[in-house]
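Enquirer: So that you have it, the file is target25.pdb, and it contains PDB, C-alpha atoms and all ligand atoms:
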```pdb
ATOM      1  CA  MET Z1117      20.325 -33.529 -12.442
ATOM      2  CA  PRO Z1118      23.505 -31.802 -11.386
ATOM      3  CA  ALA Z1119      23.566 -28.028 -10.978
ATOM      4  CA  ASN Z1120      25.636 -25.610 -13.070
ATOM      5  CA  LEU Z1121      25.302 -27.438 -16.392
ATOM      6  CA  ILE Z1122      25.524 -24.401 -18.646
ATOM      7  CA  LYS Z1123      28.497 -22.087 -19.140
ATOM      8  CA  ARG Z1124      27.892 -18.451 -18.227
ATOM      9  CA  ASP Z1125      28.744 -17.128 -21.694
ATOM     10  CA  VAL Z1126      26.104 -19.403 -23.236
ATOM     11  CA  VAL Z1127      23.493 -17.935 -20.863
ATOM     12  CA  THR Z1128      24.658 -14.426 -21.651
ATOM     13  CA  ALA Z1129      24.407 -14.991 -25.403
ATOM     14  CA  LEU Z1130      20.942 -16.588 -25.154
ATOM     15  CA  ALA Z1131      19.568 -13.791 -22.933
ATOM     16  CA  ALA Z1132      20.923 -11.139 -25.309
ATOM     17  CA  ARG Z1133      19.284 -12.710 -28.362
ATOM     18  CA  ALA Z1134      16.000 -13.391 -26.522
ATOM     19  CA  ALA Z1135      15.878  -9.742 -25.411
ATOM     20  CA  GLY Z1136      16.443  -8.516 -28.966
ATOM     21  CA  LEU Z1137      19.765  -6.873 -28.190
ATOM     22  CA  ASP Z1138      20.949  -7.766 -31.698
ATOM     23  CA  GLN Z1139      17.912  -6.009 -33.209
ATOM     24  CA  PRO Z1140      17.817  -2.281 -33.926
ATOM     25  CA  ALA Z1141      14.078  -1.976 -33.231
ATOM     26  CA  GLY Z1142      12.276  -2.111 -29.918
ATOM     27  CA  ASP Z1143      12.370  -0.228 -26.619
ATOM     28  CA  PRO Z1144      15.997  -0.037 -25.412
ATOM     29  CA  ARG Z1145      15.081   0.187 -21.709
ATOM     30  CA  LEU Z1146      12.726  -2.782 -21.950
ATOM     31  CA  LYS Z1147      15.355  -4.816 -23.823
ATOM     32  CA  HIS Z1148      17.960  -3.981 -21.194
ATOM     33  CA  VAL Z1149      15.663  -5.015 -18.314
ATOM     34  CA  VAL Z1150      14.441  -8.221 -20.000
ATOM     35  CA  ASN Z1151      18.021  -9.183 -20.830
ATOM     36  CA  ARG Z1152      19.106  -8.820 -17.223
ATOM     37  CA  LEU Z1153      16.106 -10.591 -15.706
ATOM     38  CA  LEU Z1154      16.322 -13.479 -18.197
ATOM     39  CA  ALA Z1155      20.033 -13.969 -17.625
ATOM     40  CA  ASP Z1156      19.556 -13.909 -13.833
ATOM     41  CA  LEU Z1157      16.642 -16.333 -14.108
ATOM     42  CA  MET Z1158      18.546 -18.801 -16.260
ATOM     43  CA  VAL Z1159      21.495 -18.673 -13.890
ATOM     44  CA  ALA Z1160      19.173 -19.257 -10.929
ATOM     45  CA  ILE Z1161      17.486 -22.215 -12.684
ATOM     46  CA  ASP Z1162      20.859 -23.739 -13.401
ATOM     47  CA  GLU Z1163      22.392 -23.133  -9.975
ATOM     48  CA  LEU Z1164      19.262 -24.290  -8.120
ATOM     49  CA  ASP Z1165      18.831 -27.202 -10.514
ATOM     50  CA  ILE Z1166      15.173 -26.310 -10.967
ATOM     51  CA  SER Z1167      13.475 -29.402 -12.393
ATOM     52  CA  MET Z1168      11.066 -29.261 -15.311
ATOM     53  CA  ASP Z1169       8.251 -30.190 -12.931
ATOM     54  CA  GLU Z1170       9.153 -27.327 -10.620
ATOM     55  CA  PHE Z1171       9.452 -24.893 -13.494
ATOM     56  CA  TRP Z1172       6.040 -25.718 -14.947
ATOM     57  CA  ARG Z1173       4.448 -25.701 -11.511
ATOM     58  CA  GLY Z1174       5.760 -22.176 -11.132
ATOM     59  CA  ILE Z1175       4.336 -21.135 -14.503
ATOM     60  CA  ALA Z1176       0.966 -22.695 -13.628
ATOM     61  CA  TYR Z1177       1.022 -20.820 -10.319
ATOM     62  CA  LEU Z1178       1.666 -17.490 -12.022
ATOM     63  CA  THR Z1179      -0.947 -18.171 -14.700
ATOM     64  CA  GLN Z1180      -3.574 -18.776 -12.046
ATOM     65  CA  ALA Z1181      -2.401 -15.752 -10.029
ATOM     66  CA  GLY Z1182      -2.879 -13.601 -13.129
ATOM     67  CA  LYS Z1183      -6.341 -15.015 -13.829
ATOM     68  CA  GLN Z1184      -7.315 -14.194 -10.261
ATOM     69  CA  ASN Z1185      -5.783 -10.709 -10.443
ATOM     70  CA  GLU Z1186      -3.488 -11.401  -7.484
ATOM     71  CA  PHE Z1187      -0.184  -9.879  -8.481
ATOM     72  CA  GLY Z1188      -1.063  -6.720  -6.554
ATOM     73  CA  LEU Z1189      -1.373  -8.879  -3.431
ATOM     74  CA  ILE Z1190       1.611 -11.150  -4.025
ATOM     75  CA  VAL Z1191       3.928  -8.161  -4.499
ATOM     76  CA  PRO Z1192       3.510  -6.760  -0.951
ATOM     77  CA  GLY Z1193       3.386 -10.314   0.433
ATOM     78  CA  ILE Z1194       6.879 -11.045  -0.862
ATOM     79  CA  VAL Z1195       8.180  -7.706   0.496
ATOM     80  CA  LEU Z1196       8.707  -6.124  -2.939
ATOM     81  CA  GLU Z1197       6.330  -3.185  -2.387
ATOM     82  CA  HIS Z1198       8.065  -2.314   0.887
ATOM     83  CA  PHE Z1199      11.418  -2.691  -0.855
ATOM     84  CA  LEU Z1200      10.342  -0.061  -3.408
ATOM     85  CA  ASP Z1201       9.607   2.268  -0.452
ATOM     86  CA  LEU Z1202      13.066   1.690   0.981
ATOM     87  CA  ARG Z1203      14.588   2.571  -2.387
ATOM     88  CA  LEU Z1204      12.546   5.767  -2.632
ATOM     89  CA  ASP Z1205      13.434   6.706   0.967
ATOM     90  CA  GLU Z1206      17.106   6.319   0.172
ATOM     91  CA  ALA Z1207      16.844   8.164  -3.155
ATOM     92  CA  GLU Z1208      15.189  11.081  -1.327
ATOM     93  CA  ARG Z1209      17.881  11.062   1.313
ATOM     94  CA  ARG Z1210      20.564  11.248  -1.359
ATOM     95  CA  ALA Z1211      18.669  14.096  -3.065
ATOM     96  CA  GLY Z1212      18.907  16.000   0.221
ATOM     97  CA  LEU Z1213      15.230  15.661   1.069
ATOM     98  CA  ALA Z1214      14.527  15.091   4.741
ATOM     99  CA  GLY Z1215      11.661  15.175   7.173
ATOM    100  CA  GLY Z1216       7.999  14.742   6.491
ATOM    101  CA  THR Z1217       5.714  11.891   7.471
ATOM    102  CA  VAL Z1218       7.230   8.557   6.494
ATOM    103  CA  ARG Z1219       5.703   6.700   3.593
ATOM    104  CA  THR Z1220       4.473   3.164   3.465
ATOM    105  CA  ILE Z1221       2.961   0.949   0.803
ATOM    106  CA  GLU Z1222      -0.218   1.765  -1.098
ATOM    107  CA  GLY Z1223      -1.404  -1.820  -1.366
ATOM    108  CA  PRO Z1224      -3.753  -3.160  -4.036
ATOM    109  CA  LEU Z1225      -7.109  -1.889  -2.801
ATOM    110  CA  TYR Z1226      -7.276   1.816  -3.669
ATOM    111  CA  ILE Z1227     -10.164   3.070  -5.794
ATOM    112  CA  ALA Z1228      -9.857   6.493  -7.401
ATOM    113  CA  GLY Z1229     -12.669   9.002  -7.407
ATOM    114  CA  ALA Z1230     -13.980   8.844  -3.828
ATOM    115  CA  PRO Z1231     -16.438  11.593  -2.814
ATOM    116  CA  VAL Z1232     -14.819  14.930  -1.959
ATOM    117  CA  SER Z1233     -15.730  17.142   0.980
ATOM    118  CA  LYS Z1234     -14.335  20.208   2.721
ATOM    119  CA  GLY Z1235     -12.641  19.888   6.100
ATOM    120  CA  GLU Z1236     -14.519  16.870   7.337
ATOM    121  CA  ALA Z1237     -16.377  13.757   6.287
ATOM    122  CA  ARG Z1238     -18.102  10.679   7.531
ATOM    123  CA  LEU Z1239     -16.575   7.619   5.884
ATOM    124  CA  ASP Z1240     -18.889   4.842   7.030
ATOM    125  CA  ASP Z1241     -22.489   4.431   5.898
ATOM    126  CA  GLY Z1242     -23.744   3.396   9.329
ATOM    127  CA  THR Z1243     -24.315  -0.265   8.475
ATOM    128  CA  ASP Z1244     -21.226  -1.586  10.294
ATOM    129  CA  ASP Z1245     -21.657  -1.638  14.049
ATOM    130  CA  GLY Z1246     -17.934  -1.238  14.718
ATOM    131  CA  GLU Z1247     -16.354   1.041  17.297
ATOM    132  CA  VAL Z1248     -16.798   4.664  16.243
ATOM    133  CA  LEU Z1249     -13.539   6.348  15.270
ATOM    134  CA  PHE Z1250     -12.898  10.068  15.113
ATOM    135  CA  MET Z1251      -9.640  10.927  13.452
ATOM    136  CA  GLU Z1252      -8.339  14.442  13.023
ATOM    137  CA  GLY Z1253      -5.181  16.369  12.434
ATOM    138  CA  GLN Z1254      -3.420  18.957  10.389
ATOM    139  CA  VAL Z1255      -1.503  18.854   7.123
ATOM    140  CA  ARG Z1256       1.644  20.971   7.329
ATOM    141  CA  GLY Z1257       4.852  21.528   5.461
ATOM    142  CA  VAL Z1258       8.064  20.352   7.109
ATOM    143  CA  SER Z1259       8.682  23.949   8.258
ATOM    144  CA  GLY Z1260       5.397  23.846  10.113
ATOM    145  CA  GLU Z1261       3.243  25.933   7.785
ATOM    146  CA  PRO Z1262      -0.377  24.725   7.666
ATOM    147  CA  ILE Z1263      -1.460  23.666   4.186
ATOM    148  CA  ALA Z1264      -5.010  24.741   3.353
ATOM    149  CA  GLY Z1265      -6.683  22.887   0.482
ATOM    150  CA  ALA Z1266      -4.511  19.788   0.748
ATOM    151  CA  VAL Z1267      -6.351  16.599  -0.219
ATOM    152  CA  VAL Z1268      -6.448  13.757   2.299
ATOM    153  CA  ASP Z1269      -7.545  10.712   0.278
ATOM    154  CA  VAL Z1270      -8.370   8.069   2.875
ATOM    155  CA  TRP Z1271      -9.490   4.431   2.568
ATOM    156  CA  HIS Z1272      -9.758   1.529   4.955
ATOM    157  CA  ALA Z1273     -11.413  -1.812   5.653
ATOM    158  CA  ASN Z1274     -14.582  -2.522   7.616
ATOM    159  CA  THR Z1275     -14.755  -4.645  10.774
ATOM    160  CA  MET Z1276     -14.488  -7.771   8.601
ATOM    161  CA  GLY Z1277     -11.213  -6.512   7.164
ATOM    162  CA  ASN Z1278     -12.889  -6.013   3.782
ATOM    163  CA  TYR Z1279     -12.710  -3.025   1.419
ATOM    164  CA  SER Z1280     -15.647  -1.596  -0.506
ATOM    165  CA  HIS Z1281     -15.634  -2.277  -4.262
ATOM    166  CA  PHE Z1282     -13.658  -5.513  -3.725
ATOM    167  CA  ASP Z1283     -16.356  -6.543  -1.248
ATOM    168  CA  PRO Z1284     -19.621  -6.295  -3.210
ATOM    169  CA  THR Z1285     -21.711  -6.328  -0.020
ATOM    170  CA  GLN Z1286     -20.561  -2.784   0.797
ATOM    171  CA  ALA Z1287     -21.949   0.373  -0.769
ATOM    172  CA  ALA Z1288     -19.831   2.133  -3.397
ATOM    173  CA  PHE Z1289     -17.040   4.171  -1.793
ATOM    174  CA  ASN Z1290     -17.938   3.044   1.715
ATOM    175  CA  LEU Z1291     -14.944   3.914   3.942
ATOM    176  CA  ARG Z1292     -13.354   5.923   1.116
ATOM    177  CA  ARG Z1293     -13.292   9.727   0.972
ATOM    178  CA  ARG Z1294     -11.237  12.672  -0.184
ATOM    179  CA  ILE Z1295     -11.149  15.470   2.391
ATOM    180  CA  GLU Z1296      -9.856  18.928   1.534
ATOM    181  CA  THR Z1297      -8.132  20.549   4.480
ATOM    182  CA  ASP Z1298      -9.681  23.718   5.903
ATOM    183  CA  LYS Z1299      -8.015  27.137   6.097
ATOM    184  CA  ASP Z1300      -5.834  25.943   9.000
ATOM    185  CA  GLY Z1301      -4.770  22.766   7.196
ATOM    186  CA  GLY Z1302      -7.150  20.724   9.336
ATOM    187  CA  TYR Z1303      -9.012  17.538   8.436
ATOM    188  CA  ARG Z1304     -11.488  15.526  10.517
ATOM    189  CA  PHE Z1305     -13.451  12.396   9.876
ATOM    190  CA  ARG Z1306     -15.821  10.044  11.546
ATOM    191  CA  SER Z1307     -15.617   6.373  10.683
ATOM    192  CA  ILE Z1308     -15.377   2.976  12.324
ATOM    193  CA  VAL Z1309     -12.231   1.314  13.645
ATOM    194  CA  PRO Z1310     -11.208  -1.170  10.953
ATOM    195  CA  ASN Z1311     -10.042  -4.701  11.488
ATOM    196  CA  GLY Z1312      -7.031  -6.236   9.803
ATOM    197  CA  TYR Z1313      -7.132  -7.699   6.326
ATOM    198  CA  ALA Z1314      -6.503 -11.371   5.642
ATOM    199  CA  CYS Z1315      -5.566 -12.791   2.257
ATOM    200  CA  PRO Z1316      -8.542 -14.618   0.751
ATOM    201  CA  PRO Z1317      -8.615 -18.280   1.810
ATOM    202  CA  GLY Z1318      -7.624 -20.490  -1.102
ATOM    203  CA  SER Z1319      -6.046 -17.595  -2.998
ATOM    204  CA  GLN Z1320      -2.772 -18.048  -4.832
ATOM    205  CA  THR Z1321      -1.233 -15.525  -2.432
ATOM    206  CA  GLU Z1322      -2.273 -17.497   0.608
ATOM    207  CA  LYS Z1323      -1.048 -20.748  -0.942
ATOM    208  CA  LEU Z1324       2.399 -19.281  -1.474
ATOM    209  CA  LEU Z1325       2.550 -17.820   2.034
ATOM    210  CA  GLN Z1326       1.450 -21.107   3.571
ATOM    211  CA  ALA Z1327       4.061 -23.015   1.594
ATOM    212  CA  MET Z1328       6.639 -20.703   3.151
ATOM    213  CA  GLY Z1329       5.277 -21.189   6.663
ATOM    214  CA  ARG Z1330       3.854 -17.650   6.768
ATOM    215  CA  HIS Z1331       0.419 -16.136   7.385
ATOM    216  CA  GLY Z1332      -1.456 -13.660   5.216
ATOM    217  CA  ASN Z1333      -2.701 -11.197   7.832
ATOM    218  CA  ARG Z1334      -2.288  -7.451   8.051
ATOM    219  CA  PRO Z1335      -2.786  -5.479  11.246
ATOM    220  CA  ALA Z1336      -5.675  -2.985  11.230
ATOM    221  CA  HIS Z1337      -4.681   0.130   9.302
ATOM    222  CA  VAL Z1338      -5.953   3.213   7.502
ATOM    223  CA  HIS Z1339      -4.485   4.265   4.136
ATOM    224  CA  PHE Z1340      -3.772   7.811   2.988
ATOM    225  CA  PHE Z1341      -2.649   9.710  -0.050
ATOM    226  CA  VAL Z1342      -1.944  13.281   1.056
ATOM    227  CA  SER Z1343      -1.290  15.809  -1.684
ATOM    228  CA  ALA Z1344      -1.113  19.564  -2.148
ATOM    229  CA  PRO Z1345       0.172  21.792  -4.949
ATOM    230  CA  GLY Z1346       3.896  22.433  -4.576
ATOM    231  CA  TYR Z1347       4.408  19.516  -2.183
ATOM    232  CA  ARG Z1348       5.476  15.936  -2.688
ATOM    233  CA  LYS Z1349       2.601  13.465  -2.654
ATOM    234  CA  LEU Z1350       2.647  11.243   0.423
ATOM    235  CA  THR Z1351       1.480   7.621   0.338
ATOM    236  CA  THR Z1352       1.151   6.213   3.826
ATOM    237  CA  GLN Z1353      -0.950   4.386   6.421
ATOM    238  CA  ILE Z1354      -1.508   4.531  10.126
ATOM    239  CA  ASN Z1355      -1.835   1.391  12.196
ATOM    240  CA  ILE Z1356      -4.341   0.834  14.962
ATOM    241  CA  ASP Z1357      -2.233   0.253  18.067
ATOM    242  CA  GLY Z1358      -2.758  -2.972  19.987
ATOM    243  CA  ASP Z1359      -3.442  -5.190  16.977
ATOM    244  CA  LYS Z1360      -2.076  -8.714  17.297
ATOM    245  CA  TYR Z1361      -0.334  -8.387  13.922
ATOM    246  CA  LEU Z1362       1.002  -4.859  14.510
ATOM    247  CA  HIS Z1363       4.608  -5.956  14.101
ATOM    248  CA  ASP Z1364       3.845  -9.072  12.091
ATOM    249  CA  ASP Z1365       2.330  -7.629   8.930
ATOM    250  CA  PHE Z1366       2.426 -10.029   5.976
ATOM    251  CA  ALA Z1367       2.880  -6.969   3.741
ATOM    252  CA  PHE Z1368       5.727  -5.391   5.765
ATOM    253  CA  GLY Z1369       3.904  -2.042   5.888
ATOM    254  CA  THR Z1370       4.139  -1.179   9.596
ATOM    255  CA  ARG Z1371       6.556   1.620  10.485
ATOM    256  CA  ASP Z1372       7.143   2.817  14.031
ATOM    257  CA  GLU Z1373       6.331   6.464  13.191
ATOM    258  CA  LEU Z1374       2.884   5.428  11.946
ATOM    259  CA  ILE Z1375       1.369   4.024  15.133
ATOM    260  CA  PRO Z1376      -0.520   6.900  16.759
ATOM    261  CA  ARG Z1377      -2.023   6.624  20.205
ATOM    262  CA  VAL Z1378      -5.665   5.531  20.175
ATOM    263  CA  GLU Z1379      -7.607   7.354  22.879
ATOM    264  CA  ARG Z1380     -10.695   5.625  24.201
ATOM    265  CA  ILE Z1381     -13.219   8.313  25.110
ATOM    266  CA  THR Z1382     -15.619   7.256  27.848
ATOM    267  CA  ASP Z1383     -16.611  10.684  29.186
ATOM    268  CA  ALA Z1384     -20.396  11.028  28.890
ATOM    269  CA  GLY Z1385     -20.164  14.731  28.048
ATOM    270  CA  GLU Z1386     -17.790  14.146  25.149
ATOM    271  CA  ILE Z1387     -19.875  11.212  23.923
ATOM    272  CA  HIS Z1388     -23.061  13.271  23.880
ATOM    273  CA  LYS Z1389     -21.371  16.253  22.285
ATOM    274  CA  LEU Z1390     -20.711  14.067  19.234
ATOM    275  CA  GLY Z1391     -24.230  12.676  19.166
ATOM    276  CA  LEU Z1392     -23.134   9.218  20.239
ATOM    277  CA  ASN Z1393     -24.376   6.916  22.975
ATOM    278  CA  LYS Z1394     -21.319   4.773  23.589
ATOM    279  CA  PRO Z1395     -17.566   5.201  24.064
ATOM    280  CA  PHE Z1396     -15.524   5.844  20.945
ATOM    281  CA  ALA Z1397     -11.939   5.910  19.734
ATOM    282  CA  ARG Z1398     -10.019   9.055  18.836
ATOM    283  CA  ILE Z1399      -6.790   9.384  16.892
ATOM    284  CA  ARG Z1400      -4.940  12.625  16.330
ATOM    285  CA  PHE Z1401      -2.410  12.479  13.533
ATOM    286  CA  ASP Z1402      -0.712  15.293  11.650
ATOM    287  CA  PHE Z1403       0.760  14.848   8.190
ATOM    288  CA  SER Z1404       3.944  16.618   7.218
ATOM    289  CA  LEU Z1405       4.702  17.135   3.516
ATOM    290  CA  ILE Z1406       8.015  17.886   1.850
ATOM    291  CA  LYS Z1407       8.138  20.721  -0.705
ATOM    292  CA  GLU Z1408       8.522  19.499  -4.267
ATOM    293  CA  VAL Z1409      11.911  20.184  -5.789
ATOM    294  CA  ALA Z1410      13.005  19.816  -9.399
ATOM    295  CA  GLY Z1411      14.901  16.616 -10.154
ATOM    296  CA  ALA Z1412      13.789  14.729  -7.033
ATOM    297  CA  PRO Z1413      12.559  11.147  -7.534
ATOM    298  CA  ALA Z1414       8.844  11.165  -8.295
ATOM    299  CA  THR Z1415       6.330  10.283  -5.599
ATOM    300  CA  ILE Z1416       3.420  10.318  -8.022
ATOM    301  CA  VAL Z1417       3.327   6.743  -9.228
ATOM    302  CA  ALA Z1418       1.617   5.609 -12.410
ATOM    303  CA  ARG Z1419      -0.208   2.480 -11.330
ATOM    304  CA  GLU Z1420      -3.286   0.779 -12.681
ATOM    305  CA  HIS Z1421      -6.208   0.704 -10.282
ATOM    306  CA  ALA Z1422      -9.515  -1.045 -10.378
ATOM    307  CA  GLU Z1423     -12.151   1.369 -11.670
ATOM    308  CA  ALA Z1424     -15.209   2.282  -9.699
ATOM    309  CA  ALA Z1425     -18.276   0.933 -11.465
TER
HETATM  310  C1  LIG Z1501      -4.396  -4.557   2.212
HETATM  311  O1  LIG Z1501      -5.400  -3.916   2.819
HETATM  312  C2  LIG Z1501      -3.246  -3.897   2.082
HETATM  313  O2  LIG Z1501      -3.186  -2.653   2.560
HETATM  314  C3  LIG Z1501      -2.149  -4.502   1.483
HETATM  315  C4  LIG Z1501      -0.844  -3.805   1.371
HETATM  316  C5  LIG Z1501      -2.267  -5.774   0.990
HETATM  317  C6  LIG Z1501      -3.444  -6.426   1.114
HETATM  318  C7  LIG Z1501      -4.515  -5.828   1.717
HETATM  319 FE    FE Z1502      -5.064  -2.017   3.289
END
```
Show me, as structure tokens, the structure contained in the file I just sent.
Ligand code: MBD
Ligand code: FE
Expert:
Amino acid sequence: MPANLIKRDVVTALAARAAGLDQPAGDPRLKHVVNRLLADLMVAIDELDISMDEFWRGIAYLTQAGKQNEFGLIVPGIVLEHFLDLRLDEAERRAGLAGGTVRTIEGPLYIAGAPVSKGEARLDDGTDDGEVLFMEGQVRGVSGEPIAGAVVDVWHANTMGNYSHFDPTQAAFNLRRRIETDKDGGYRFRSIVPNGYACPPGSQTEKLLQAMGRHGNRPAHVHFFVSAPGYRKLTTQINIDGDKYLHDDFAFGTRDELIPRVERITDAGEIHKLGLNKPFARIRFDFSLIKEVAGAPATIVAREHAEAA
């Protein structure tokens, strides 16, 4: 079929009626958004001359993606979650907010309610024979003041790149903890160095990526929510330096400021001091939080999460 079969004012009128713009009832914001998206979609279908086969293949794809609960994975894979970060970065800049640790995407694998401890924690349950990781640092305000009682909510994958809860072979909350900073704003944890995540083979996400000539791998990373009363909540990650996918993340989450040095500790004295018998990795990383100000764009995001059983 040729493209551009339908006049723009016909599209506009159809989108308006379909979005209920001629009805007094309903949610005005929702109607406004649906109207815009429908009009843009109809224009795109017409300009791209999307065939009926293509259209219904797309609907079947989305139906299956929904059944398999994959929208949370498709969204970062098609750069939209990173795009939302760029918008929030720019909105903060325009609100005069500056400094602080840079944010990056949350991703779809957070589970609320991880065990809480003071100052330090061990994240792994000892069943994964990965390289031991000690990570420590301080939570401070942008002016440098240490923040005692901040909550460092940390989660990461195991050496298979899998996350507890989503991977039923792991214990509940394995590699997930909430650590309250000590009186000096300090946090410390022992864990294992994660490996990168790969989209499940055969998943709708992977099918889409493959059809676009892309891969579905993330470099190894550790996620954080860092929060404290009076400060803006930070959502971020650190990357494990040296990963093959460090600058080729299918989810576009890597940011240069979030690649701390990984020290490899081989000194026998240091190893023994920590009760270990082999070399380990150490990362020092401080988090810097911006003070909350009235009217600034929210960093606390309402988002559905899987529930811990
Ligand atoms: C992950 O671990 C992740 O962080 C993201 C953004 C997407 C898929 C898996
Ligand atoms: Fe992740």
Enquirer: Suppose a student applies the PyMOL selection byres (((chain Z and resi 1343) around 10) and not hetatm) to this structure; what residues should they get, written as an MDAnalysis selection string?
Expert: chainID Z and resid 1255 1263 1265:1269 1296 1340:1342 1344:1351 1405 1416
Enquirer: Given the file shown, determine the residues that the PyMOL selection byres (((not hetatm)) within 9 of (chain Z and resi 1502)) selects; report them as an mmCIF file with C-alpha atoms, in the coordinates of the input.
Expert:
```cif
data_model
loop_
_atom_site.group_PDB
_atom_site.id
_atom_site.type_symbol
_atom_site.label_atom_id
_atom_site.label_comp_id
_atom_site.auth_asym_id
_atom_site.auth_seq_id
_atom_site.Cartn_x
_atom_site.Cartn_y
_atom_site.Cartn_z
ATOM 1 C CA ILE Z 1221 2.961 0.949 0.803
ATOM 2 C CA GLU Z 1222 -0.218 1.765 -1.098
ATOM 3 C CA GLY Z 1223 -1.404 -1.820 -1.366
ATOM 4 C CA PRO Z 1224 -3.753 -3.160 -4.036
ATOM 5 C CA LEU Z 1225 -7.109 -1.889 -2.801
ATOM 6 C CA TYR Z 1226 -7.276 1.816 -3.669
ATOM 7 C CA TRP Z 1271 -9.490 4.431 2.568
ATOM 8 C CA HIS Z 1272 -9.758 1.529 4.955
ATOM 9 C CA ALA Z 1273 -11.413 -1.812 5.653
ATOM 10 C CA GLY Z 1277 -11.213 -6.512 7.164
ATOM 11 C CA ASN Z 1278 -12.889 -6.013 3.782
ATOM 12 C CA TYR Z 1279 -12.710 -3.025 1.419
ATOM 13 C CA GLY Z 1312 -7.031 -6.236 9.803
ATOM 14 C CA TYR Z 1313 -7.132 -7.699 6.326
ATOM 15 C CA ARG Z 1334 -2.288 -7.451 8.051
ATOM 16 C CA PRO Z 1335 -2.786 -5.479 11.246
ATOM 17 C CA ALA Z 1336 -5.675 -2.985 11.230
ATOM 18 C CA HIS Z 1337 -4.681 0.130 9.302
ATOM 19 C CA VAL Z 1338 -5.953 3.213 7.502
ATOM 20 C CA HIS Z 1339 -4.485 4.265 4.136
ATOM 21 C CA GLN Z 1353 -0.950 4.386 6.421
#
```
Enquirer: In Å to one decimal, how far is atom CA of Z:Thr1243 from atom CA of Z:Arg1293?
Expert: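 Here the two named atoms are 16.7 Å from each other.
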Enquirer: Just the residues within 6 Å of stretch 1153-1169 of chain Z, please, counting all atoms listed in the file, with nothing from its chain fewer than 4 positions along; format it as number ranges by chain.
Expert: Z: 1119-1120, 1131
Enquirer: Applying the PyMOL selection byres (((chain Z and resi 1185) around 12) and not hetatm) to the file I just gave you, which residues come out? Please list them as number ranges by chain.
Expert: Z: 1178-1184, 1186-1191, 1224-1225, 1282, 1319-1321, 1420-1422
Enquirer: Of the candidates Z:Leu1202, Z:Ala1132, Z:Ala1314, Z:Ala1207, which one gets nearest to Z:Asp1365 if we count all atoms listed in the file?
Expert: Z:Ala1314
Enquirer: Quick one, how far is atom CA of Z:Pro1395 from atom CA of Z:Ala1237?
Expert: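 Between atom CA of Z:Pro1395 and atom CA of Z:Ala1237 the gap works out to 19.8 Å.
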Enquirer: Set the distance at 7 Å and use only C-alpha atoms: which residues neighbour Z:Asp1298 once local chain neighbours fewer than 4 positions away are removed? I'd like the list as a PyMOL selection string.
Expert: chain Z and resi 1234-1235+1264-1265+1302-1303
Enquirer: Please write as a list in words the list of polymer residues whose atoms come within 6 Å of (2.6, 10.9, 5.3), counting all atoms listed in the file and keeping to the coordinates of the file.
Expert: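 Residues with an atom at most 6 Å from (2.6, 10.9, 5.3): Thr1217, Val1218, Arg1219, Leu1350, Thr1352 and Phe1403 of chain Z.
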Enquirer: For atom CA of Z:Pro1284 and atom CA of Z:Ala1367, determine how far apart the two atoms are, in Å to one decimal place.
Expert: 23.6 Å
Enquirer: Compare Z:Gly1301, Z:Arg1152, Z:Asn1274, Z:Gly1358 by their minimum atom-to-atom distance to Z:Gly1257, counting all atoms listed in the file, and give me the closest one.
Expert: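 The shortest atom-to-atom distance to Z:Gly1257 comes from Z:Gly1301.
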Enquirer: Report, as lines of an AutoDock Vina configuration file, the centre and edge lengths in Å (one decimal) of the axis-aligned box enclosing every listed atom of ligand LIG 1501 (chain Z), padded by 8 Å on each side.
Expert:
```
center_x = -3.1
center_y = -4.5
center_z = 1.9
size_x = 20.6
size_y = 19.8
size_z = 17.8
```
Enquirer: Nearest to ligand LIG 1501 (chain Z): which of Z:Ser1233, Z:Gln1254, Z:Asn1355, Z:Gln1326 is it, counting all atoms listed in the file?
Expert: Z:Asn1355
Enquirer: Please list as a ChimeraX atom specification every residue within 9 Å of Z:His1281, counting all atoms listed in the file and excluding residues in the same chain fewer than 2 positions away.
Expert: /Z:1225,1227,1279,1283-1290,1422-1425
Enquirer: Can you complete the atoms of stretch 1397-1404 of chain Z to N, CA and C atoms and list them as a CSV table (one decimal), keeping the file's coordinate frame?
Expert:
```
chain,number,residue,atom,x,y,z
Z,1397,ALA,N,-13.4,5.8,19.9
Z,1397,ALA,CA,-11.9,5.9,19.7
Z,1397,ALA,C,-11.6,7.2,19.0
Z,1398,ARG,N,-10.5,7.8,19.5
Z,1398,ARG,CA,-10.0,9.1,18.8
Z,1398,ARG,C,-8.5,9.0,18.5
Z,1399,ILE,N,-8.2,9.4,17.3
Z,1399,ILE,CA,-6.8,9.4,16.9
Z,1399,ILE,C,-6.5,10.8,16.4
Z,1400,ARG,N,-5.4,11.4,16.9
Z,1400,ARG,CA,-4.9,12.6,16.3
Z,1400,ARG,C,-3.7,12.3,15.6
Z,1401,PHE,N,-3.6,12.8,14.3
Z,1401,PHE,CA,-2.4,12.5,13.5
Z,1401,PHE,C,-2.2,13.6,12.5
Z,1402,ASP,N,-1.0,14.2,12.6
Z,1402,ASP,CA,-0.7,15.3,11.6
Z,1402,ASP,C,0.2,14.7,10.5
Z,1403,PHE,N,-0.1,15.2,9.3
Z,1403,PHE,CA,0.8,14.8,8.2
Z,1403,PHE,C,1.7,16.0,7.9
Z,1404,SER,N,2.9,15.6,7.6
Z,1404,SER,CA,3.9,16.6,7.2
Z,1404,SER,C,4.4,16.3,5.8
```
